[in-house]
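See below for the structure under consideration.
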Amino acid sequence: MRKISIIFSVCFLWLFIFKLCVADLLAHPRTDTDEVSAKEAVAADKTEDKSIKDFEVYDLGEIVVSADKAKVKQVAVVNEITSEDIKATNSKTLAEALFRAPGVRVTAGAKNEANVSIHGFAQKQLLVLIDGVPYYETKYGRLDLNQIPTENIAKIEITKGAASVLYGANALGGVINVITKKPSEKLYAGVSLEASENDTYRASATTGMKAGIFNYWLNYTWAKSGGYELSKDYQPRMTTIQKQPGGKSYEVIQGKGERLNSGYESHNIWAKFGIEPKEGSAYYVNIHYLDRDKAWSPSTETIRYFNSRPYFTNFAKIPDYIDWGIDLDARQKVHDKVTLKAKLFYHNHKDSLDSYTDQSYAIQLAHSSYKDYIAGGSFFADFQPVDWNILRFAVHYKKDNHEERADAYLPFEESTSYTGSVGLENEFNLVKNLSVVAGVSYDWFKVDKSEQTNTVKGGPNAGDFINFTPNPTNRNDSVNPMLGLVYNFSNQAKVFASVAHKSRFPTLEELYSGKGGNANLETEKSWNYTLGASKVFFGCAKAGLSAFYYDVSDMISKDGMGWIGTNYNVGKVQLYGFEFNAEIYPIDGLTFRLDYTYEEGRNRSEGRVTNDVTYIPRHKLDAGVQYVIPMLKTRLDFNMIHVSSTYSQLPTPSSPTNPILKAGDYTLFDAKITQPIWKYFEVYVACRNIFDKNYEPEVGYPAPGRSFWTGIMARY
């Protein structure tokens, strides 16, 4: 039945494309005016009154220099989340905003950290950017996206499969680019206050202004919570406490009511200062400081407990999780046909983890620390020799430095690596309405230095520091070509197709971890294919259908159970499916939205025990309704999400008796009511998980039950 449904969907997609082609042959050629009017017709009901626009999109945050005209965005599957979409779903962080994006799955597991995946690719296999600058830490190749508040986000661009070669290295499965706000022509000042259960509060203050060639944007956001309540249907169960050494014990760790150790407090500062002396010229400084003190809710399935120095347990808190950075952006039009753009950046990450003896969190065992920085830059050039051809060029180069220690009594071991990329892309528009985008990049990665801490094993001095042993260095490179085509029809429709080779270099944890590191790992690779079509209907609706197929090789997999085992390039996986997206605006103020993703994952690795793949839901459905009541201007938002079951653990060749762990499916409903008051104020109430669904997106990590939010906002 699954094969029949896939065949039926692909046939339907081809019939849809054929219908569009026939209709175009019978119609007059499209003009640029037709395309603009179609976009305006679709966006009309989603955009606020331009006369009171509070901010503009920071266009230097785009990767492509002339991003508003680039066809490379149209040859891949690209979803955009606007600030209004974020507001409608009452999303407080970047991870929450991505929760309802089509084809995107967001869960929470160890360290109370959001885990984001796109079409089955894990977060470390994606390229996450803030205004075009990579956002991650070196050890694991990712950071907690709950660290980023939504107050400063203008839009989020999610590119799947065939992202532009100009983005740089490590975009194996796609790119998430968070583009921030900059001031509009008027002075803006805003304050918001929000509250929820369990001593949960949030406050934010923002101001921005453009005065002549100068402008600034400032924001401070504070949030604090005592934790969250589980669903009333949650049933406590025995948790395995696995000590090394010491064997196993069993205990009920999580009872009913409040989720154990789930509180947090965060302070976030964003600042942007810019000069735009003339059209085509812009120079900006961007500064961010993100500080989150968070707890680590333990797994209700298994607790890890290393019972000798240096100690480590899953009974832990994270008192410091700090990111700060400075980005310098410049764009200069040096000729009518040449525009240049450059980025310089320095990002610093620090986190620490305190391990405790048990769930009372009364006796501390150890204090481990990570310190990271990323320093680098990017250079972009657009050259348009003729109206129908654009040549784009990009260079990226950065240094990663990572330091870590397993406990405060140990010295920091250090690792240093370098990553670079050179990309060339050509956009060809000679044939009317047809655009061809072709590109190629050369990416490389080198570990220049890596150390391993040696300690005394056993005896009265167990855990004492002995020395550092240098790890073997690692060097990898990859050539990544891509090709895409898009045809725009006269009936406000388009079809596109693309193929791209993408790659992802191994992380330090995969290379050198004492729990499975392998210094001989090679680059993960994937051939990504997409085919799609979209159309605007009668100026009041739009729909799109796209199919995707990813052929992944040399996937890094661990051959053991849980955290035990060794990493190898043994994985060969095929991911395929389709996405359907639709929005309808039948009357003024009423919007219906529907996004559906169907996906299959097949393990094709040699010696495999099963054909199944972990963490891939077969079905994901997102739907929303928004209605603005006339006269009162009351805005009603209703959203639902359905995610089918996923495997969290499967048998492997070296552990064929691994128990199968499977997270069940879940369906959630949310609602929000927003009421403007006078000219400068609005209030809202919101409810998440209306029916108090008990669910675990990752086995052992029960999600929040029903919760309520209320807030007030004043803006000028």
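All residue names refer to the structure tokens as shown: chains lettered A, B, ... in order, residues numbered from 1 in each chain, ligands numbered from 1 in order.
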
Open item on the list: At a cut-off of 12 Å, using only C-alpha atoms, what residues contact A:Leu430? Leave out same-chain residues fewer than 4 positions from it and give the result as a list in words.
Closed with: Val386, Asp387, Trp388, Asn389, Ile390, Leu434, Ser435, Val436 and Val437 of chain A

Prev. selection, N, CA, C and O atoms, output as an mmCIF file, in the first residue's frame:
data_model
loop_
_atom_site.group_PDB
_atom_site.id
_atom_site.type_symbol
_atom_site.label_atom_id
_atom_site.label_comp_id
_atom_site.auth_asym_id
_atom_site.auth_seq_id
_atom_site.Cartn_x
_atom_site.Cartn_y
_atom_site.Cartn_z
ATOM 1 N N VAL A 386 24.925 40.640 -18.634
ATOM 2 C CA VAL A 386 23.778 40.925 -19.498
ATOM 3 C C VAL A 386 22.512 40.714 -18.678
ATOM 4 O O VAL A 386 22.537 40.096 -17.613
ATOM 5 N N ASP A 387 21.392 41.206 -19.198
ATOM 6 C CA ASP A 387 20.149 41.143 -18.442
ATOM 7 C C ASP A 387 19.718 39.714 -18.137
ATOM 8 O O ASP A 387 19.042 39.472 -17.139
ATOM 9 N N TRP A 388 20.091 38.763 -19.020
ATOM 10 C CA TRP A 388 19.579 37.404 -18.881
ATOM 11 C C TRP A 388 20.569 36.442 -18.216
ATOM 12 O O TRP A 388 20.334 35.240 -18.198
ATOM 13 N N ASN A 389 21.627 36.957 -17.631
ATOM 14 C CA ASN A 389 22.597 36.052 -17.007
ATOM 15 C C ASN A 389 23.217 36.715 -15.776
ATOM 16 O O ASN A 389 23.613 37.884 -15.815
ATOM 17 N N ILE A 390 23.276 35.955 -14.668
ATOM 18 C CA ILE A 390 23.890 36.434 -13.429
ATOM 19 C C ILE A 390 24.880 35.388 -12.947
ATOM 20 O O ILE A 390 24.547 34.201 -12.838
ATOM 21 N N LEU A 434 11.747 30.877 -18.383
ATOM 22 C CA LEU A 434 12.528 29.725 -17.940
ATOM 23 C C LEU A 434 13.844 30.189 -17.331
ATOM 24 O O LEU A 434 14.570 30.977 -17.934
ATOM 25 N N SER A 435 14.139 29.703 -16.143
ATOM 26 C CA SER A 435 15.410 30.001 -15.482
ATOM 27 C C SER A 435 16.137 28.697 -15.183
ATOM 28 O O SER A 435 15.534 27.723 -14.724
ATOM 29 N N VAL A 436 17.436 28.702 -15.453
ATOM 30 C CA VAL A 436 18.291 27.557 -15.166
ATOM 31 C C VAL A 436 19.384 28.019 -14.200
ATOM 32 O O VAL A 436 20.068 29.014 -14.460
ATOM 33 N N VAL A 437 19.528 27.308 -13.098
ATOM 34 C CA VAL A 437 20.541 27.628 -12.101
ATOM 35 C C VAL A 437 21.497 26.447 -11.994
ATOM 36 O O VAL A 437 21.073 25.315 -11.734
#

Open item on the list: Give me the residues near A:Lys71 as JSON, numbers by chain, where near means some atom within 10 Å (using only C-alpha atoms) and where sequence neighbours in that chain fewer than 2 positions away do not count.
Closed with: {"A": [67, 68, 69, 73, 74, 75, 76, 427, 428, 429, 434, 435, 436, 437, 484, 485, 486]}

Task: Shell of 12 Å around A:Tyr356, only C-alpha atoms, local chain residues under 2 positions omitted, as JSON, numbers by chain - done: {"A": [261, 295, 296, 298, 303, 304, 305, 306, 307, 311, 312, 313, 314, 315, 316, 317, 318, 353, 354, 358, 359, 360, 361, 362, 363, 364, 365, 366, 367, 368]}

Could those residues be written to a file, using N, CA, C and O atoms, as a CSV table (one decimal), in the first residue's frame?
chain,number,residue,atom,x,y,z
A,261,ASN,N,12.8,18.9,37.3
A,261,ASN,CA,13.9,19.6,36.9
A,261,ASN,C,13.8,20.2,35.5
A,261,ASN,O,14.6,20.1,34.6
A,295,ALA,N,17.6,23.6,33.5
A,295,ALA,CA,17.7,22.3,34.1
A,295,ALA,C,17.7,21.3,33.0
A,295,ALA,O,17.6,21.5,31.8
A,296,TRP,N,18.0,20.0,33.5
A,296,TRP,CA,18.0,18.9,32.6
A,296,TRP,C,17.0,17.9,33.1
A,296,TRP,O,17.3,17.2,34.1
A,298,PRO,N,15.5,14.5,33.6
A,298,PRO,CA,16.0,13.2,33.3
A,298,PRO,C,15.1,12.3,32.5
A,298,PRO,O,13.9,12.5,32.5
A,303,ILE,N,18.7,6.1,33.0
A,303,ILE,CA,19.6,7.2,33.6
A,303,ILE,C,21.1,6.6,33.5
A,303,ILE,O,21.4,5.5,34.0
A,304,ARG,N,21.9,7.4,32.9
A,304,ARG,CA,23.4,7.1,32.9
A,304,ARG,C,24.1,7.6,34.1
A,304,ARG,O,23.8,8.7,34.6
A,305,TYR,N,25.0,6.8,34.7
A,305,TYR,CA,25.6,7.2,36.0
A,305,TYR,C,27.0,6.6,36.0
A,305,TYR,O,27.2,5.4,36.1
A,306,PHE,N,28.0,7.5,35.7
A,306,PHE,CA,29.4,7.1,35.8
A,306,PHE,C,29.9,7.3,37.2
A,306,PHE,O,30.1,8.4,37.7
A,307,ASN,N,30.1,6.2,37.9
A,307,ASN,CA,30.3,6.2,39.4
A,307,ASN,C,31.7,6.2,39.8
A,307,ASN,O,32.1,5.7,40.9
A,311,TYR,N,33.2,12.1,37.6
A,311,TYR,CA,31.8,11.6,37.6
A,311,TYR,C,31.0,12.3,36.5
A,311,TYR,O,31.2,13.4,36.0
A,312,PHE,N,29.9,11.6,36.2
A,312,PHE,CA,28.9,12.1,35.3
A,312,PHE,C,27.6,11.4,35.5
A,312,PHE,O,27.5,10.2,35.6
A,313,THR,N,26.5,12.1,35.6
A,313,THR,CA,25.1,11.5,35.8
A,313,THR,C,24.1,12.3,34.9
A,313,THR,O,24.4,13.5,34.6
A,314,ASN,N,23.0,11.7,34.6
A,314,ASN,CA,21.9,12.4,34.0
A,314,ASN,C,21.0,13.2,35.0
A,314,ASN,O,20.1,13.8,34.6
A,315,PHE,N,21.4,13.1,36.3
A,315,PHE,CA,20.8,14.0,37.2
A,315,PHE,C,21.6,15.3,37.2
A,315,PHE,O,22.6,15.4,37.9
A,316,ALA,N,21.3,16.2,36.4
A,316,ALA,CA,22.2,17.3,36.1
A,316,ALA,C,21.4,18.6,35.9
A,316,ALA,O,20.2,18.6,35.6
A,317,LYS,N,22.1,19.7,36.0
A,317,LYS,CA,21.7,21.1,35.7
A,317,LYS,C,22.7,21.8,34.9
A,317,LYS,O,23.9,21.4,34.9
A,318,ILE,N,22.2,22.7,34.1
A,318,ILE,CA,23.1,23.5,33.2
A,318,ILE,C,23.1,24.9,33.7
A,318,ILE,O,22.2,25.7,33.2
A,353,LEU,N,28.0,22.0,33.1
A,353,LEU,CA,27.0,21.0,33.5
A,353,LEU,C,27.4,20.5,34.9
A,353,LEU,O,28.6,20.1,35.1
A,354,ASP,N,26.5,20.5,35.8
A,354,ASP,CA,26.7,20.0,37.2
A,354,ASP,C,25.9,18.7,37.3
A,354,ASP,O,24.7,18.6,37.1
A,358,ASP,N,21.4,12.2,42.8
A,358,ASP,CA,20.1,11.6,42.6
A,358,ASP,C,19.1,12.7,42.2
A,358,ASP,O,19.5,13.9,42.1
A,359,GLN,N,17.8,12.4,42.2
A,359,GLN,CA,16.8,13.3,41.7
A,359,GLN,C,16.4,14.4,42.7
A,359,GLN,O,15.7,15.3,42.4
A,360,SER,N,17.1,14.4,43.9
A,360,SER,CA,16.9,15.5,44.9
A,360,SER,C,17.8,16.7,44.5
A,360,SER,O,17.5,17.8,45.0
A,361,TYR,N,18.8,16.5,43.7
A,361,TYR,CA,19.7,17.5,43.3
A,361,TYR,C,20.3,18.2,44.5
A,361,TYR,O,20.5,19.5,44.5
A,362,ALA,N,20.6,17.5,45.5
A,362,ALA,CA,21.2,18.1,46.8
A,362,ALA,C,22.7,18.0,46.9
A,362,ALA,O,23.3,18.8,47.4
A,363,ILE,N,23.2,16.9,46.3
A,363,ILE,CA,24.7,16.6,46.5
A,363,ILE,C,25.3,16.6,45.1
A,363,ILE,O,25.0,15.8,44.2
A,364,GLN,N,26.2,17.6,44.8
A,364,GLN,CA,26.8,17.7,43.5
A,364,GLN,C,28.1,16.9,43.4
A,364,GLN,O,28.9,16.8,44.4
A,365,LEU,N,28.2,16.2,42.3
A,365,LEU,CA,29.3,15.3,42.1
A,365,LEU,C,30.4,15.9,41.2
A,365,LEU,O,31.6,15.7,41.5
A,366,ALA,N,30.1,16.6,40.2
A,366,ALA,CA,31.1,17.1,39.2
A,366,ALA,C,30.6,18.4,38.5
A,366,ALA,O,29.4,18.7,38.5
A,367,HIS,N,31.5,19.1,38.0
A,367,HIS,CA,31.2,20.3,37.2
A,367,HIS,C,32.0,20.3,35.9
A,367,HIS,O,33.3,20.6,35.9
A,368,SER,N,31.4,19.9,34.8
A,368,SER,CA,32.1,19.9,33.5
A,368,SER,C,31.9,21.2,32.7
A,368,SER,O,30.9,21.8,33.0

TODO: Could you check how far atom CA of A:Val625 sits from atom CA of A:Lys232, in Å to one decimal?
DONE: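 Going from atom CA of A:Val625 over to atom CA of A:Lys232, I get 27.5 Å.
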
Task: Best match for closeness to A:Asn471 among A:Asn518, A:Lys457, A:Ser225, A:Leu230, counting only C-alpha atoms - done: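 The shortest atom-to-atom distance to A:Asn471 comes from A:Asn518.
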
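Using only C-alpha atoms, the nearest neighbour of A:Leu621 within the list A:Asp464, A:Glu606, A:Glu599, A:Asp293 is A:Glu599.
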